[in-house]
file protein-v9.txt (compact mmCIF, C-alpha atoms)
# COMPACT_ATOMS: atom_id res chain seq x y z
CA MET E 1 -98.37 -37.43 8.00
CA THR E 2 -95.25 -39.45 7.24
CA ASP E 3 -93.35 -37.15 9.55
CA ARG E 4 -95.71 -37.81 12.44
CA LEU E 5 -95.54 -41.56 11.83
CA ASP E 6 -91.74 -41.34 11.85
CA ARG E 7 -91.76 -39.45 15.14
CA LEU E 8 -94.18 -41.91 16.69
CA CYS E 9 -92.06 -44.89 15.64
CA GLU E 10 -88.93 -43.19 16.88
CA ARG E 11 -90.49 -42.43 20.25
CA LEU E 12 -91.73 -45.98 20.68
CA THR E 13 -88.42 -47.52 19.62
CA ARG E 14 -86.37 -45.25 21.86
CA GLY E 15 -88.70 -45.91 24.77
CA PHE E 16 -88.46 -49.65 24.22
CA ALA E 17 -84.66 -49.43 23.97
CA ARG E 18 -84.49 -47.45 27.24
CA ARG E 19 -86.68 -49.88 29.14
CA THR E 20 -85.09 -53.14 27.99
CA SER E 21 -81.65 -54.57 27.53
CA ARG E 22 -80.68 -56.51 24.45
CA ARG E 23 -79.36 -59.34 26.56
CA ALA E 24 -82.66 -59.73 28.39
CA PHE E 25 -84.48 -59.84 25.08
CA PHE E 26 -82.19 -62.50 23.63
CA THR E 27 -82.38 -64.51 26.84
CA ARG E 28 -86.17 -64.53 26.69
CA LEU E 29 -86.23 -65.22 22.96
CA GLY E 30 -83.73 -68.04 23.40
CA THR E 31 -85.71 -69.58 26.24
CA LEU E 32 -88.88 -69.40 24.19
CA LEU E 33 -87.30 -70.97 21.09
CA VAL E 34 -85.57 -73.78 23.00
CA GLY E 35 -88.67 -74.40 25.12
CA VAL E 36 -91.04 -74.56 22.16
CA ALA E 37 -88.67 -76.78 20.20
CA GLY E 38 -88.44 -79.16 23.14
CA VAL E 39 -92.14 -79.73 23.58
CA PRO E 40 -92.91 -82.04 20.63
CA VAL E 41 -89.80 -84.22 21.04
CA LEU E 42 -90.50 -85.12 24.63
CA PRO E 43 -92.08 -88.54 24.87
CA VAL E 44 -94.46 -87.27 27.49
CA ALA E 45 -95.73 -84.64 25.06
CA ARG E 46 -96.43 -87.28 22.44
CA ALA E 47 -97.96 -89.65 24.93
CA ALA E 48 -100.14 -86.85 26.25
CA ALA E 49 -101.56 -86.11 22.82
CA ASP E 50 -104.05 -88.96 22.85
CA ASP E 51 -104.74 -89.33 26.53
CA ASP E 52 -107.44 -87.48 28.39
CA ALA E 53 -106.45 -88.57 31.87
CA ARG E 54 -103.92 -86.25 33.51
CA VAL E 55 -102.21 -86.23 36.84
CA PRO E 56 -99.92 -83.53 38.14
CA VAL E 57 -96.18 -84.15 38.13
CA PRO E 58 -95.17 -84.39 41.78
CA ASP E 59 -93.76 -81.18 43.12
CA ASP E 60 -90.05 -81.52 43.88
CA ALA E 61 -90.24 -78.47 46.16
CA ALA E 62 -91.89 -80.71 48.74
CA LEU E 63 -88.74 -82.84 48.89
CA HIS E 64 -85.72 -82.04 51.01
CA GLY E 65 -82.08 -82.92 50.41
CA ASP E 66 -80.72 -85.23 47.71
CA VAL E 67 -84.07 -86.85 46.87
CA GLY E 68 -85.31 -83.47 45.57
CA ASP E 69 -82.13 -82.49 43.74
CA PRO E 70 -82.11 -83.38 40.01
CA SER E 71 -78.31 -83.17 39.96
CA SER E 72 -77.99 -85.87 42.63
CA CYS E 73 -77.83 -89.63 42.05
CA ASN E 74 -80.22 -89.95 44.98
CA TYR E 75 -82.91 -87.83 43.26
CA TRP E 76 -86.12 -89.83 43.47
CA ARG E 77 -86.52 -90.20 39.68
CA HIS E 78 -83.03 -91.69 39.38
CA CYS E 79 -83.77 -95.03 41.07
CA ALA E 80 -82.77 -96.98 37.95
CA ILE E 81 -80.49 -94.58 36.09
CA ASP E 82 -77.10 -95.63 34.76
CA GLY E 83 -75.12 -92.83 33.18
CA PHE E 84 -74.34 -89.15 33.41
CA LEU E 85 -77.13 -86.85 34.59
CA CYS E 86 -78.19 -84.34 31.94
CA SER E 87 -78.95 -81.94 34.79
CA CYS E 88 -75.16 -81.67 35.27
CA CYS E 89 -74.37 -81.58 31.55
CA GLY E 90 -76.20 -78.51 30.27
CA GLY E 91 -79.66 -80.05 30.12
CA SER E 92 -82.19 -80.91 32.83
CA GLN E 93 -84.00 -83.95 34.16
CA ASN E 94 -86.40 -83.54 31.19
CA THR E 95 -84.28 -82.03 28.45
CA CYS E 96 -81.10 -82.83 26.57
CA PRO E 97 -78.10 -80.49 26.47
CA PRO E 98 -77.80 -78.31 23.36
CA GLY E 99 -76.20 -80.18 20.49
CA THR E 100 -77.58 -83.56 21.48
CA GLU E 101 -80.66 -85.46 20.37
CA MET E 102 -82.99 -87.39 22.69
CA SER E 103 -83.21 -91.06 21.81
CA PRO E 104 -86.84 -92.10 21.25
CA VAL E 105 -86.03 -95.65 22.33
CA THR E 106 -85.62 -95.72 26.10
CA TRP E 107 -85.14 -97.68 29.26
CA ILE E 108 -88.34 -97.49 31.29
CA GLY E 109 -88.79 -98.27 34.96
CA THR E 110 -90.74 -97.09 37.96
CA CYS E 111 -89.62 -95.06 40.98
CA ARG E 112 -91.46 -94.27 44.18
CA ASN E 113 -91.76 -90.57 44.95
CA PRO E 114 -91.17 -90.11 48.68
CA ALA E 115 -93.33 -86.97 48.74
CA ASP E 116 -96.60 -88.72 47.89
CA GLY E 117 -95.65 -92.41 48.18
CA LYS E 118 -96.80 -93.11 44.61
CA ASP E 119 -94.86 -95.07 41.98
CA TYR E 120 -94.19 -93.16 38.78
CA VAL E 121 -93.26 -94.56 35.37
CA ILE E 122 -89.90 -93.01 34.45
CA SER E 123 -88.34 -92.95 31.01
CA TYR E 124 -84.54 -92.80 30.98
CA ASN E 125 -83.84 -91.39 27.53
CA ASP E 126 -80.22 -91.11 26.48
CA CYS E 127 -79.13 -87.84 24.88
CA CYS E 128 -77.00 -88.64 21.87
CA GLY E 129 -74.62 -86.84 19.54
CA GLN E 130 -71.78 -85.75 21.85
CA THR E 131 -69.10 -87.67 23.69
CA LEU E 132 -69.64 -88.78 27.28
CA CYS E 133 -70.41 -85.86 29.58
CA MET E 134 -68.35 -87.33 32.46
CA ARG E 135 -70.19 -85.31 35.13
CA CYS E 136 -72.56 -86.72 37.77
CA ARG E 137 -72.04 -90.38 36.99
CA CYS E 138 -74.77 -92.45 38.62
CA THR E 139 -75.37 -96.18 38.79
CA ARG E 140 -78.66 -97.18 40.36
CA THR E 141 -80.21 -100.51 39.62
CA GLU E 142 -83.78 -100.77 40.90
CA ALA E 143 -85.56 -103.46 38.83
CA GLU E 144 -82.55 -103.80 36.55
CA ARG E 145 -81.83 -107.26 35.12
CA PRO E 146 -78.60 -108.85 33.83
CA VAL E 147 -77.38 -107.90 30.37
CA TYR E 148 -78.83 -111.04 28.75
CA VAL E 149 -82.24 -109.54 29.49
CA THR E 150 -81.34 -106.63 27.24
CA MET E 151 -84.68 -104.84 27.49
CA LYS E 152 -84.27 -104.50 31.25
CA ASN E 153 -80.55 -103.77 31.39
CA ASN E 154 -79.36 -100.21 31.74
CA ASP E 155 -75.64 -100.79 31.16
CA LEU E 156 -76.30 -100.65 27.42
CA LEU E 157 -76.22 -97.53 25.33
CA TRP E 158 -79.76 -96.58 24.40
CA CYS E 159 -79.02 -94.35 21.41
CA PHE E 160 -81.35 -96.08 18.96
CA GLY E 161 -83.26 -94.17 16.31
CA THR E 162 -80.89 -91.22 16.61
CA LYS E 163 -78.46 -89.80 14.06
CA SER E 164 -75.53 -90.51 16.33
CA ARG E 165 -74.86 -93.51 18.57
CA ALA E 166 -72.57 -91.47 20.85
CA VAL E 167 -74.18 -91.13 24.26
CA ASN E 168 -73.72 -87.91 26.22
CA CYS E 169 -76.05 -88.15 29.27
CA SER E 170 -79.44 -89.43 30.43
CA VAL E 171 -82.70 -87.72 31.39
CA ALA E 172 -85.42 -89.04 33.70
CA VAL E 173 -88.84 -88.06 32.33
CA VAL E 174 -92.04 -88.82 34.24
CA LEU E 175 -94.48 -90.65 31.92
CA GLY E 176 -97.27 -91.26 34.37
CA VAL E 177 -98.38 -92.84 37.61
CA ALA E 178 -97.93 -96.58 37.94
CA THR E 179 -101.00 -97.68 39.85
CA ARG E 180 -102.17 -101.25 39.82
CA SER E 181 -105.92 -101.59 39.59
CA MET A 1 -93.62 -75.22 33.82
CA LEU A 2 -93.03 -77.33 30.79
CA LEU A 3 -94.24 -80.64 32.16
CA ALA A 4 -96.90 -79.72 34.65
CA VAL A 5 -99.03 -82.76 34.00
CA VAL A 6 -98.41 -86.30 32.85
CA PRO A 7 -100.82 -88.87 31.45
CA ALA A 8 -102.24 -91.14 34.11
CA LEU A 9 -101.34 -94.79 33.58
CA ALA A 10 -103.59 -95.81 36.38
CA THR A 11 -106.28 -97.62 34.46
CA GLY A 12 -104.96 -101.10 34.92
CA GLY A 13 -102.53 -103.89 34.32
CA ALA A 14 -102.23 -104.05 30.54
CA GLU A 15 -101.62 -100.35 29.94
CA LEU A 16 -99.04 -100.20 32.70
CA ASP A 17 -97.40 -103.43 31.52
CA TYR A 18 -97.14 -101.94 28.04
CA ALA A 19 -95.53 -98.76 29.42
CA VAL A 20 -92.96 -100.57 31.51
CA THR A 21 -92.29 -103.61 29.31
CA CYS A 22 -92.87 -102.60 25.66
CA GLN A 23 -93.06 -98.83 25.30
CA GLY A 24 -89.33 -98.22 25.71
CA CYS A 25 -88.78 -99.57 22.19
CA HIS A 26 -92.21 -99.54 20.48
CA LEU A 27 -92.89 -96.02 21.86
CA GLY A 28 -96.00 -94.71 23.58
CA ASP A 29 -98.00 -94.39 20.38
CA GLY A 30 -96.81 -97.73 18.95
CA SER A 31 -95.03 -96.01 16.08
CA GLY A 32 -91.70 -97.85 16.56
CA THR A 33 -88.43 -96.63 15.04
CA ASP A 34 -86.21 -97.52 12.11
CA THR A 35 -85.03 -100.58 14.04
CA VAL A 36 -88.18 -101.43 16.02
CA PRO A 37 -91.27 -102.73 14.18
CA ARG A 38 -94.27 -100.44 14.05
CA LEU A 39 -97.38 -101.61 15.90
CA ALA A 40 -99.73 -98.74 15.09
CA GLY A 41 -101.93 -99.48 12.07
CA SER A 42 -99.90 -102.59 11.35
CA VAL A 43 -99.67 -105.31 13.99
CA ALA A 44 -103.17 -106.83 13.65
CA ARG A 45 -102.65 -107.45 9.92
CA PHE A 46 -100.67 -110.57 10.84
CA LEU A 47 -103.86 -112.10 12.26
CA ARG A 48 -105.28 -112.18 8.72
CA VAL A 49 -102.84 -114.76 7.30
CA PRO A 50 -102.21 -118.39 8.29
CA GLY A 51 -99.41 -118.60 10.86
CA GLY A 52 -99.76 -114.94 11.77
CA ARG A 53 -101.55 -115.44 15.06
CA GLU A 54 -98.76 -117.78 16.20
CA TYR A 55 -96.08 -115.41 14.90
CA VAL A 56 -97.36 -112.42 16.87
CA ALA A 57 -97.20 -114.39 20.13
CA ARG A 58 -93.76 -115.87 19.36
CA VAL A 59 -91.78 -112.74 18.40
CA PRO A 60 -88.95 -112.13 20.88
CA GLY A 61 -90.59 -109.10 22.50
CA VAL A 62 -93.68 -111.11 23.39
CA ALA A 63 -92.17 -114.55 24.05
CA GLN A 64 -89.40 -113.14 26.26
CA ALA A 65 -91.43 -110.42 27.99
CA PRO A 66 -90.74 -110.49 31.74
CA LEU A 67 -94.45 -111.08 32.43
CA ASP A 68 -96.35 -114.25 33.24
CA ASP A 69 -98.56 -115.89 30.62
CA ALA A 70 -101.77 -114.19 31.77
CA ALA A 71 -100.23 -110.70 31.86
CA THR A 72 -98.56 -111.28 28.49
CA ALA A 73 -101.88 -112.31 26.96
CA GLY A 74 -103.46 -109.25 28.54
CA VAL A 75 -100.96 -106.76 27.16
CA LEU A 76 -100.95 -108.42 23.72
CA ASN A 77 -104.76 -108.28 23.45
CA TRP A 78 -104.68 -104.69 24.70
CA MET A 79 -102.09 -103.53 22.17
CA LEU A 80 -103.86 -105.20 19.23
CA LYS A 81 -107.00 -103.23 20.01
CA ARG A 82 -105.23 -100.06 21.10
CA PHE A 83 -102.88 -99.73 18.14
CA ASP A 84 -104.56 -101.51 15.25
CA ALA A 85 -108.30 -102.03 15.81
CA GLU A 86 -108.71 -101.25 12.11
CA HIS A 87 -107.08 -104.51 11.00
CA LEU A 88 -108.32 -106.69 13.84
CA PRO A 89 -110.45 -109.47 12.25
CA ALA A 90 -114.11 -109.33 13.26
CA ASP A 91 -113.91 -112.90 14.59
CA PHE A 92 -110.75 -112.29 16.61
CA VAL A 93 -110.62 -114.45 19.72
CA PRO A 94 -108.40 -112.87 22.39
CA TYR A 95 -105.22 -114.75 23.29
CA SER A 96 -105.54 -116.81 26.45
CA ALA A 97 -102.83 -117.39 29.02
CA THR A 98 -102.68 -121.06 28.01
CA GLU A 99 -102.20 -120.21 24.33
CA ILE A 100 -99.42 -117.72 25.15
CA GLY A 101 -97.80 -120.32 27.42
CA THR A 102 -97.68 -122.87 24.61
CA LEU A 103 -96.54 -120.47 21.88
CA ARG A 104 -93.80 -118.70 23.83
CA ARG A 105 -92.20 -122.06 24.61
CA ALA A 106 -91.65 -122.66 20.87
CA PRO A 107 -88.88 -120.18 20.08
CA LEU A 108 -88.87 -118.32 16.79
CA ILE A 109 -85.31 -118.90 15.61
CA ASP A 110 -85.32 -116.84 12.41
CA VAL A 111 -87.78 -114.02 13.01
CA GLN A 112 -86.97 -112.02 9.88
CA THR A 113 -87.60 -114.91 7.48
CA VAL A 114 -90.95 -115.77 9.03
CA ARG A 115 -91.92 -112.10 9.11
CA ARG A 116 -91.06 -111.63 5.43
CA ARG A 117 -93.03 -114.74 4.43
CA LEU A 118 -96.09 -113.49 6.32
CA LEU A 119 -95.81 -109.99 4.85
CA ASP A 120 -95.52 -111.50 1.36
CA ALA A 121 -98.61 -113.60 2.03
CA LEU A 122 -100.45 -110.50 3.22
CA GLU A 123 -99.54 -108.63 0.09
CA HIS A 124 -100.49 -111.40 -2.34
CA ASP A 125 -103.39 -113.17 -0.69
CA ALA A 126 -105.14 -110.59 1.41
CA PRO A 127 -104.66 -107.10 0.06
CA THR A 128 -106.39 -105.18 2.82
CA ARG A 129 -105.04 -101.72 2.16
call {"tool": "encode", "arguments": {"input": "protein-v9.txt", "output": "structure tokens"}}
result
Amino acid sequence: MTDRLDRLCERLTRGFARRTSRRAFFTRLGTLLVGVAGVPVLPVARAAADDDARVPVPDDAALHGDVGDPSSCNYWRHCAIDGFLCSCCGGSQNTCPPGTEMSPVTWIGTCRNPADGKDYVISYNDCCGQTLCMRCRCTRTEAERPVYVTMKNNDLLWCFGTKSRAVNCSVAVVLGVATRS
Amino acid sequence: MLLAVVPALATGGAELDYAVTCQGCHLGDGSGTDTVPRLAGSVARFLRVPGGREYVARVPGVAQAPLDDAATAGVLNWMLKRFDAEHLPADFVPYSATEIGTLRRAPLIDVQTVRRRLLDALEHDAPTR
């Protein structure tokens, strides 16, 4: 009995080893772990928890050129970004690079998506804990105000509520549709 | 697709004004941070002590909000109900644009001292929790 169980396990293990590569497994495991860890820290995930109304995030595939490229300053979500794009720094337009922490306190503005003509509320969270990324530096100032209106000025570092005040890059997370009733 | 859907903020002025004007620091659920006061389960307590109603409308975030008096009154009334209905006095009269206009023109020079005095008063005179 034990012998048969051994043989069965061996056959399954060998079969699994033949069909898969270790790298592929670790890639998938890594993606899963990072992805799952990212979900609760995203402000949109927390905001979504108590809100029944949902709208789809606009599909960037419908956009052509720079306005659809998250690593471009002209990307539609970047209309009020000031800093280094996390998309160029090991993160994405929604996620921080490894080794940095997303600041919960953020600069919030709205940007019009050229694909559907709607205004979206965008949260520009700084990713904190590493020195300046220095790649894809963007300075766009839609609805920005002078520095004495601190809440609407994006020249400031927005690493508040994080372990480190060192800013690395900025993300541009869609929080919702900005529609006036 | 990690972020396939987002919450709709389409329901009207106050919710959108909160998102664009206040949420960056007070956060979407009103929980605040170590440096930003918590609204959730907390902010309406100030309405239960003398001077509290005026204080809430005179704190820098409200008085200096880049919104006109009517919109500021709207978002303040909205956030009191949204984040702390539990402590909202039964006889609460919503802020009016005129009231906001008067209060925000009287700057609160030393916010921390006034805040501490009101919190002390809450603790001693009106233990609600």
call {"tool": "residues_around", "arguments": {"input": "protein-v9.txt", "residues": "segment 41-54 of chain A", "least_positions_apart": "6", "cutoff": "9 Å", "atoms": "only C-alpha atoms", "output": "list in words"}}
result
Gly30, Ser31, Met79, Leu80, Lys81, Phe83, Asp84, Ala85, Glu86, His87, Leu88, Pro89, Phe92, Ile100, Leu103, Arg115, Leu118, Leu119, Ala121, Leu122, Asp125, Ala126 and Thr128 of chain A
call {"tool": "write_last_selection", "arguments": {"input": "protein-v9.txt", "atoms": "C-alpha atoms", "output": "compact mmCIF listing (two decimals), in the coordinates of the input"}}
result
# COMPACT_ATOMS: atom_id res chain seq x y z
CA GLY A 30 -96.81 -97.73 18.95
CA SER A 31 -95.03 -96.01 16.08
CA MET A 79 -102.09 -103.53 22.17
CA LEU A 80 -103.86 -105.20 19.23
CA LYS A 81 -107.00 -103.23 20.01
CA PHE A 83 -102.88 -99.73 18.14
CA ASP A 84 -104.56 -101.51 15.25
CA ALA A 85 -108.30 -102.03 15.81
CA GLU A 86 -108.71 -101.25 12.11
CA HIS A 87 -107.08 -104.51 11.00
CA LEU A 88 -108.32 -106.69 13.84
CA PRO A 89 -110.45 -109.47 12.25
CA PHE A 92 -110.75 -112.29 16.61
CA ILE A 100 -99.42 -117.72 25.15
CA LEU A 103 -96.54 -120.47 21.88
CA ARG A 115 -91.92 -112.10 9.11
CA LEU A 118 -96.09 -113.49 6.32
CA LEU A 119 -95.81 -109.99 4.85
CA ALA A 121 -98.61 -113.60 2.03
CA LEU A 122 -100.45 -110.50 3.22
CA ASP A 125 -103.39 -113.17 -0.69
CA ALA A 126 -105.14 -110.59 1.41
CA THR A 128 -106.39 -105.18 2.82
call {"tool": "residues_near_point", "arguments": {"input": "protein-v9.txt", "point": "(-85.1, -88.3, 31.0)", "cutoff": "7 Å", "atoms": "only C-alpha atoms", "output": "PyMOL selection string"}}
result
chain E and resi 93-95+123-125+170-173
call {"tool": "residues_around", "arguments": {"input": "protein-v9.txt", "residues": "Pro60 of chain A", "least_positions_apart": "5", "cutoff": "12 Å", "atoms": "all atoms listed in the file", "output": "PyMOL selection string"}}
result
(chain E and resi 149-151) or (chain A and resi 22+36-37+55+65-66+103-112)
call {"tool": "atom_distance", "arguments": {"input": "protein-v9.txt", "atom1": "atom CA of Ser164 of chain E", "atom2": "atom CA of Thr35 of chain A"}}
result
14.0 Å
call {"tool": "closest_residue", "arguments": {"input": "protein-v9.txt", "among": "E:Asp126, E:Glu144, E:Asp119, E:Asp6", "to": "Leu175 of chain E", "atoms": "all atoms listed in the file"}}
result
E:Asp119
call {"tool": "closest_residue", "arguments": {"input": "protein-v9.txt", "among": "E:Thr141, E:Ser92, E:Ser87, E:Ser103", "to": "Leu157 of chain E", "atoms": "only C-alpha atoms"}}
result
E:Ser103
call {"tool": "residues_around", "arguments": {"input": "protein-v9.txt", "residues": "segment 166-168 of chain E", "least_positions_apart": "5", "cutoff": "10 Å", "atoms": "only C-alpha atoms", "output": "list of chain:residue names"}}
result
E:Gly83, E:Phe84, E:Leu85, E:Cys86, E:Cys89, E:Cys96, E:Pro97, E:Gly99, E:Thr100, E:Glu101, E:Met102, E:Ser103, E:Asp126, E:Cys127, E:Cys128, E:Gly129, E:Gln130, E:Thr131, E:Leu132, E:Cys133, E:Met134, E:Arg135, E:Leu157, E:Trp158, E:Cys159
call {"tool": "write_last_selection", "arguments": {"input": "protein-v9.txt", "atoms": "C-alpha atoms", "output": "mmCIF file, in the frame of the given file"}}
result
data_model
loop_
_atom_site.group_PDB
_atom_site.id
_atom_site.type_symbol
_atom_site.label_atom_id
_atom_site.label_comp_id
_atom_site.auth_asym_id
_atom_site.auth_seq_id
_atom_site.Cartn_x
_atom_site.Cartn_y
_atom_site.Cartn_z
ATOM 1 C CA GLY E 83 -75.120 -92.830 33.180
ATOM 2 C CA PHE E 84 -74.340 -89.150 33.410
ATOM 3 C CA LEU E 85 -77.130 -86.850 34.590
ATOM 4 C CA CYS E 86 -78.190 -84.340 31.940
ATOM 5 C CA CYS E 89 -74.370 -81.580 31.550
ATOM 6 C CA CYS E 96 -81.100 -82.830 26.570
ATOM 7 C CA PRO E 97 -78.100 -80.490 26.470
ATOM 8 C CA GLY E 99 -76.200 -80.180 20.490
ATOM 9 C CA THR E 100 -77.580 -83.560 21.480
ATOM 10 C CA GLU E 101 -80.660 -85.460 20.370
ATOM 11 C CA MET E 102 -82.990 -87.390 22.690
ATOM 12 C CA SER E 103 -83.210 -91.060 21.810
ATOM 13 C CA ASP E 126 -80.220 -91.110 26.480
ATOM 14 C CA CYS E 127 -79.130 -87.840 24.880
ATOM 15 C CA CYS E 128 -77.000 -88.640 21.870
ATOM 16 C CA GLY E 129 -74.620 -86.840 19.540
ATOM 17 C CA GLN E 130 -71.780 -85.750 21.850
ATOM 18 C CA THR E 131 -69.100 -87.670 23.690
ATOM 19 C CA LEU E 132 -69.640 -88.780 27.280
ATOM 20 C CA CYS E 133 -70.410 -85.860 29.580
ATOM 21 C CA MET E 134 -68.350 -87.330 32.460
ATOM 22 C CA ARG E 135 -70.190 -85.310 35.130
ATOM 23 C CA LEU E 157 -76.220 -97.530 25.330
ATOM 24 C CA TRP E 158 -79.760 -96.580 24.400
ATOM 25 C CA CYS E 159 -79.020 -94.350 21.410
#
call {"tool": "decode", "arguments": {"input": "protein-v9.txt", "residues": "segment 88-106 of chain A", "atoms": "N, CA and C atoms", "output": "CSV table (one decimal), in the first residue's frame"}}
result
chain,number,residue,atom,x,y,z
A,88,LEU,N,-24.0,62.7,15.6
A,88,LEU,CA,-24.7,63.9,15.1
A,88,LEU,C,-25.9,64.2,16.1
A,89,PRO,N,-26.0,65.4,16.7
A,89,PRO,CA,-27.1,65.6,17.6
A,89,PRO,C,-28.5,65.5,16.9
A,90,ALA,N,-29.5,65.1,17.6
A,90,ALA,CA,-30.8,64.9,17.0
A,90,ALA,C,-31.3,66.2,16.4
A,91,ASP,N,-31.0,67.3,17.1
A,91,ASP,CA,-31.5,68.6,16.7
A,91,ASP,C,-30.6,69.4,15.8
A,92,PHE,N,-29.6,68.7,15.2
A,92,PHE,CA,-28.7,69.3,14.3
A,92,PHE,C,-29.3,70.1,13.2
A,93,VAL,N,-29.0,71.4,13.1
A,93,VAL,CA,-29.5,72.2,12.0
A,93,VAL,C,-28.3,72.3,11.0
A,94,PRO,N,-28.5,71.9,9.7
A,94,PRO,CA,-27.4,71.9,8.8
A,94,PRO,C,-26.8,73.3,8.6
A,95,TYR,N,-25.5,73.4,8.4
A,95,TYR,CA,-24.8,74.7,8.2
A,95,TYR,C,-25.4,75.3,6.9
A,96,SER,N,-25.6,76.6,7.0
A,96,SER,CA,-26.1,77.3,5.8
A,96,SER,C,-24.9,78.0,5.1
A,97,ALA,N,-25.0,78.5,3.9
A,97,ALA,CA,-24.0,79.2,3.2
A,97,ALA,C,-23.6,80.5,4.0
A,98,THR,N,-24.6,81.1,4.5
A,98,THR,CA,-24.4,82.4,5.2
A,98,THR,C,-23.6,82.2,6.5
A,99,GLU,N,-23.9,81.1,7.2
A,99,GLU,CA,-23.2,80.8,8.4
A,99,GLU,C,-21.7,80.5,8.1
A,100,ILE,N,-21.5,79.6,7.1
A,100,ILE,CA,-20.1,79.3,6.7
A,100,ILE,C,-19.4,80.6,6.3
A,101,GLY,N,-20.1,81.5,5.6
A,101,GLY,CA,-19.5,82.7,5.1
A,101,GLY,C,-19.0,83.6,6.3
A,102,THR,N,-19.8,83.6,7.3
A,102,THR,CA,-19.4,84.4,8.5
A,102,THR,C,-18.3,83.8,9.3
A,103,LEU,N,-18.4,82.4,9.5
A,103,LEU,CA,-17.4,81.7,10.3
A,103,LEU,C,-16.0,81.7,9.7
A,104,ARG,N,-16.0,81.4,8.4
A,104,ARG,CA,-14.7,81.2,7.7
A,104,ARG,C,-14.0,82.6,7.6
A,105,ARG,N,-14.7,83.7,7.8
A,105,ARG,CA,-14.0,85.0,7.8
A,105,ARG,C,-13.4,85.3,9.2
A,106,ALA,N,-13.6,84.5,10.2
A,106,ALA,CA,-13.0,84.7,11.5
A,106,ALA,C,-11.9,83.6,11.7
